[in-house]
Amino acid sequence: MDELLRHARLLLRGMWLYRRLGVAAAWVVGLVAAVVIFMMPDKYEASARIYVDTDSVLRPLMAGLAVQPNAEQQIAVLSRTLISRPNVERLVRMADLDLSINSKSGREDLIDDLSKTLSIRSTGRDNLYTLSYRDTDPARATKVVQSLTTIFVEASLGDKQKDGDSARKFIDDQIKVYEKKLQDAEARLKEFKLHNMDMQFDMSEGGGKLNEMNSQLSQARLQLREAENARDAIRKQILGSDTAATGGDISSPDLDARIDTLKRNLDKLLQAYTEQHPDVVGTRRMIKELEEQRRVEIAERRKAGTSNAAALLGGDSVSLAMKTQLASAEAQVASLRARVSEYESRLLHIKEGMRLMPEVEAEYAKLNRDYAVHKKNYENLVERRESAMISNDMESLGGLADFRLIDPPRASSTPVAPNRMLLMPLALIGSLLAGAAICLIASQVRPTFSDARSLREFAGLPLLGTISLIVSDEAREKRRKSLLKLGAATSVLAAFYGAGMLVLLLIGARAA
């Protein structure tokens with residue numbers, strides 16, 4: 001700390017040697033600054049206040065039917081982006097600021113100056129905006145603010161109309177796209193339904209029909225066996241005990257019982273398994289082999305007793321009633337066989353349909369899901385288009401907001417810039433600092449040694465001794481006069497600035 005204070009004292013001593021040069025520099029800088037301040041042109045500020053009313057009676061009434069944007073946010077964004085190059089160029093044309101400019105560079109400088117000097121300030125939540133501009137000509141400043149007010153109001157309406165048109169065009173394009181998708185989905189769904197018209201039951205309904213068809217088939221087979229037994233009994237009565245084993249439609253009770261048992265087992269297996277199951281395939285093969293064995297056995301018996309049976313049937317010993325009863329039994333057996341065949345065909349069709357049902361249902365669900373998605377999007381887009389049209393009509397009627405001109409554009413009667421009362425003290429302080437800076441620079445350009453320690457440190461040699469200066473009375477008087485002159489010069493400079501500020505106060509009071 002002591003070392004720092006020593007260096008500061010040495011620095012001030014060096015600067016004190018050039019005090020006259022510093023005072024002269026302060027005077028030069030002070031005079032130049034004063035002249036510049038008094039020569040600066042006066043600028044007048046024109047301003048206008050606009051209140052943006054975003055509360056509309058239509059908004060609560062149209063809630064849920066129309067899209068209601070955040071008007072406060074849009075106005076705030078508009079105010080921040082209003083001073084753009086296209087708007088400034090338009091402002092130059094509207095205010096006729098380019099009439100005296102013939103060069104492109106001059107026009108560019110004018111646009112840059114306007115962009116820097118134009119001001120739009122908001123008071124916050126009250127939606128109150130102040131538009132201001134400063135110029136040396138009050139009438140021109142007023143005209144610029146008037147043009148800026150017009151651009152501010154028109155920009156909000158134009159942007160809103162442009163946004164509404166763009167949104168409606170986009171929604172219309174999307175509606176056409178989804179309308180085409182919806183038509184394609186409807187065509188695929190219709191084609192699928194036409195292709196699968198015979199499969200109109202679901203899995204639970206198919207299971208019920210399968211059980212019902214199995215029950216009907218079992219009952220029909222039982223009725224067929226009963227009719228065949230009744231027919232065989234009639235034949236035995238006609239042919240007699242000797243020809244019953246060899247004539248007519250001969251049966252084999254042992255093989256028939258085995259075949260019936262296997263068929264019942266087959267029905268039970270088909271209820272649990274498919275046609276390709278090994279048990280089903282093996283049972284069918286055994287039934288086929290027993291039926292072939294029965295057919296061969298009956299054919300051999302029929303061949304042996306054909307002639308005897310024909311004679312007995314055509315003879316007088318058989319009554320007409322028995323023949324009629326036998327014919328009726330044969331017809332019933334044929335009818336029941338046809339019914340059993342039909343039931344078997346239906347049962348096979350149901351099983352095939354049930355095997356394909358999961359795939360068909362999955363395909364139908366996919367088609368129906370795609371159709372539902374496209375339909376939902378289409379309906380939403382149509383609803384949004386109607387909402388956009390209502391919103392556009394509402395905004396066309398009421399606008400984005402209601403712009404009210406609270407204070408029309410008006411220029412101040414007195415200059416607002418430059419603030420000479422503030423610049424004058426700053427210029428005085430600046431001139432004094434400039435004088436001090438000159439003293440510092442001179443002391444560094446032509447340094448001196450104020451004590452023996454500084455000389456010894458600079459030279460790096462041992463110091464043998466120092467010679468003291470005895471100040472005479474004449475020298476003291478001369479130094480005192482020099483200090484008085486220095487103080488007088490500084491005081492005169494300060495008085496000069498004080499007089500200038502007094503003149504400015506008188507001029508401002510007279511103008512008011």
# chains A, B, ... in the order shown; residues from 1 in each chain; ligands from 1

call {"tool": "residues_around", "arguments": {"residues": "Ser468 of chain A", "least_positions_apart": "5", "cutoff": "12 Å", "atoms": "only C-alpha atoms", "output": "list of chain:residue names"}}
result
A:Ser450, A:Asp451, A:Ala452

call {"tool": "residues_around", "arguments": {"residues": "segment 95-112 of chain A", "least_positions_apart": "5", "cutoff": "8 Å", "atoms": "only C-alpha atoms", "output": "MDAnalysis selection string"}}
result
chainID A and resid 85 88:89 140 143:144 147

call {"tool": "write_last_selection", "arguments": {"atoms": "N, CA and C atoms", "output": "compact mmCIF listing (two decimals), in the first residue's frame"}}
result
# COMPACT_ATOMS: atom_id res chain seq x y z
N ARG A 85 -37.57 -2.78 -42.24
CA ARG A 85 -37.14 -2.03 -43.42
C ARG A 85 -38.28 -1.75 -44.40
N VAL A 88 -40.30 1.06 -42.93
CA VAL A 88 -39.57 2.33 -42.93
C VAL A 88 -39.53 2.92 -44.33
N GLU A 89 -39.32 2.07 -45.34
CA GLU A 89 -39.33 2.57 -46.72
C GLU A 89 -40.70 3.14 -47.09
N ARG A 140 -42.22 18.26 -39.94
CA ARG A 140 -41.80 16.98 -40.51
C ARG A 140 -41.89 15.86 -39.48
N LYS A 143 -45.49 14.84 -39.26
CA LYS A 143 -45.92 14.08 -40.42
C LYS A 143 -45.41 12.64 -40.35
N VAL A 144 -44.19 12.47 -39.86
CA VAL A 144 -43.64 11.12 -39.74
C VAL A 144 -44.45 10.29 -38.73
N SER A 147 -47.78 9.26 -40.21
CA SER A 147 -47.63 8.13 -41.13
C SER A 147 -47.38 6.84 -40.38

call {"tool": "residues_around", "arguments": {"residues": "Tyr497 of chain A", "least_positions_apart": "4", "cutoff": "12 Å", "atoms": "only C-alpha atoms", "output": "PyMOL selection string"}}
result
chain A and resi 27+30-35+37-38+420-429+431+490-493+501-504

call {"tool": "write_last_selection", "arguments": {"atoms": "C-alpha atoms", "output": "PDB file, in the first residue's frame"}}
result
ATOM      1  CA  TRP A  27      -9.246  25.654 -22.205  1.00  0.00           C
ATOM      2  CA  GLY A  30     -13.630  23.419 -23.174  1.00  0.00           C
ATOM      3  CA  LEU A  31     -14.007  26.107 -25.807  1.00  0.00           C
ATOM      4  CA  VAL A  32     -14.397  23.588 -28.635  1.00  0.00           C
ATOM      5  CA  ALA A  33     -16.942  21.600 -26.622  1.00  0.00           C
ATOM      6  CA  ALA A  34     -18.937  24.714 -25.766  1.00  0.00           C
ATOM      7  CA  VAL A  35     -19.023  25.823 -29.395  1.00  0.00           C
ATOM      8  CA  ILE A  37     -22.872  22.251 -27.854  1.00  0.00           C
ATOM      9  CA  PHE A  38     -24.237  25.667 -28.863  1.00  0.00           C
ATOM     10  CA  ARG A 420     -27.502  21.517 -23.202  1.00  0.00           C
ATOM     11  CA  MET A 421     -28.035  21.982 -19.475  1.00  0.00           C
ATOM     12  CA  LEU A 422     -26.718  18.469 -18.993  1.00  0.00           C
ATOM     13  CA  LEU A 423     -24.068  18.631 -21.700  1.00  0.00           C
ATOM     14  CA  MET A 424     -22.443  21.811 -20.389  1.00  0.00           C
ATOM     15  CA  PRO A 425     -21.356  20.381 -16.985  1.00  0.00           C
ATOM     16  CA  LEU A 426     -20.264  17.217 -18.706  1.00  0.00           C
ATOM     17  CA  ALA A 427     -18.198  19.267 -21.176  1.00  0.00           C
ATOM     18  CA  LEU A 428     -16.562  21.170 -18.286  1.00  0.00           C
ATOM     19  CA  ILE A 429     -15.679  17.931 -16.528  1.00  0.00           C
ATOM     20  CA  SER A 431     -12.191  19.476 -20.500  1.00  0.00           C
ATOM     21  CA  THR A 490      -9.389  27.202 -14.001  1.00  0.00           C
ATOM     22  CA  SER A 491     -11.915  29.433 -12.271  1.00  0.00           C
ATOM     23  CA  VAL A 492     -12.415  31.519 -15.406  1.00  0.00           C
ATOM     24  CA  LEU A 493     -13.055  28.351 -17.392  1.00  0.00           C
ATOM     25  CA  MET A 501     -25.592  27.677 -18.502  1.00  0.00           C
ATOM     26  CA  LEU A 502     -27.157  30.916 -17.240  1.00  0.00           C
ATOM     27  CA  VAL A 503     -27.710  32.038 -20.813  1.00  0.00           C
ATOM     28  CA  LEU A 504     -29.361  28.707 -21.579  1.00  0.00           C
TER      29      LEU A 504
END
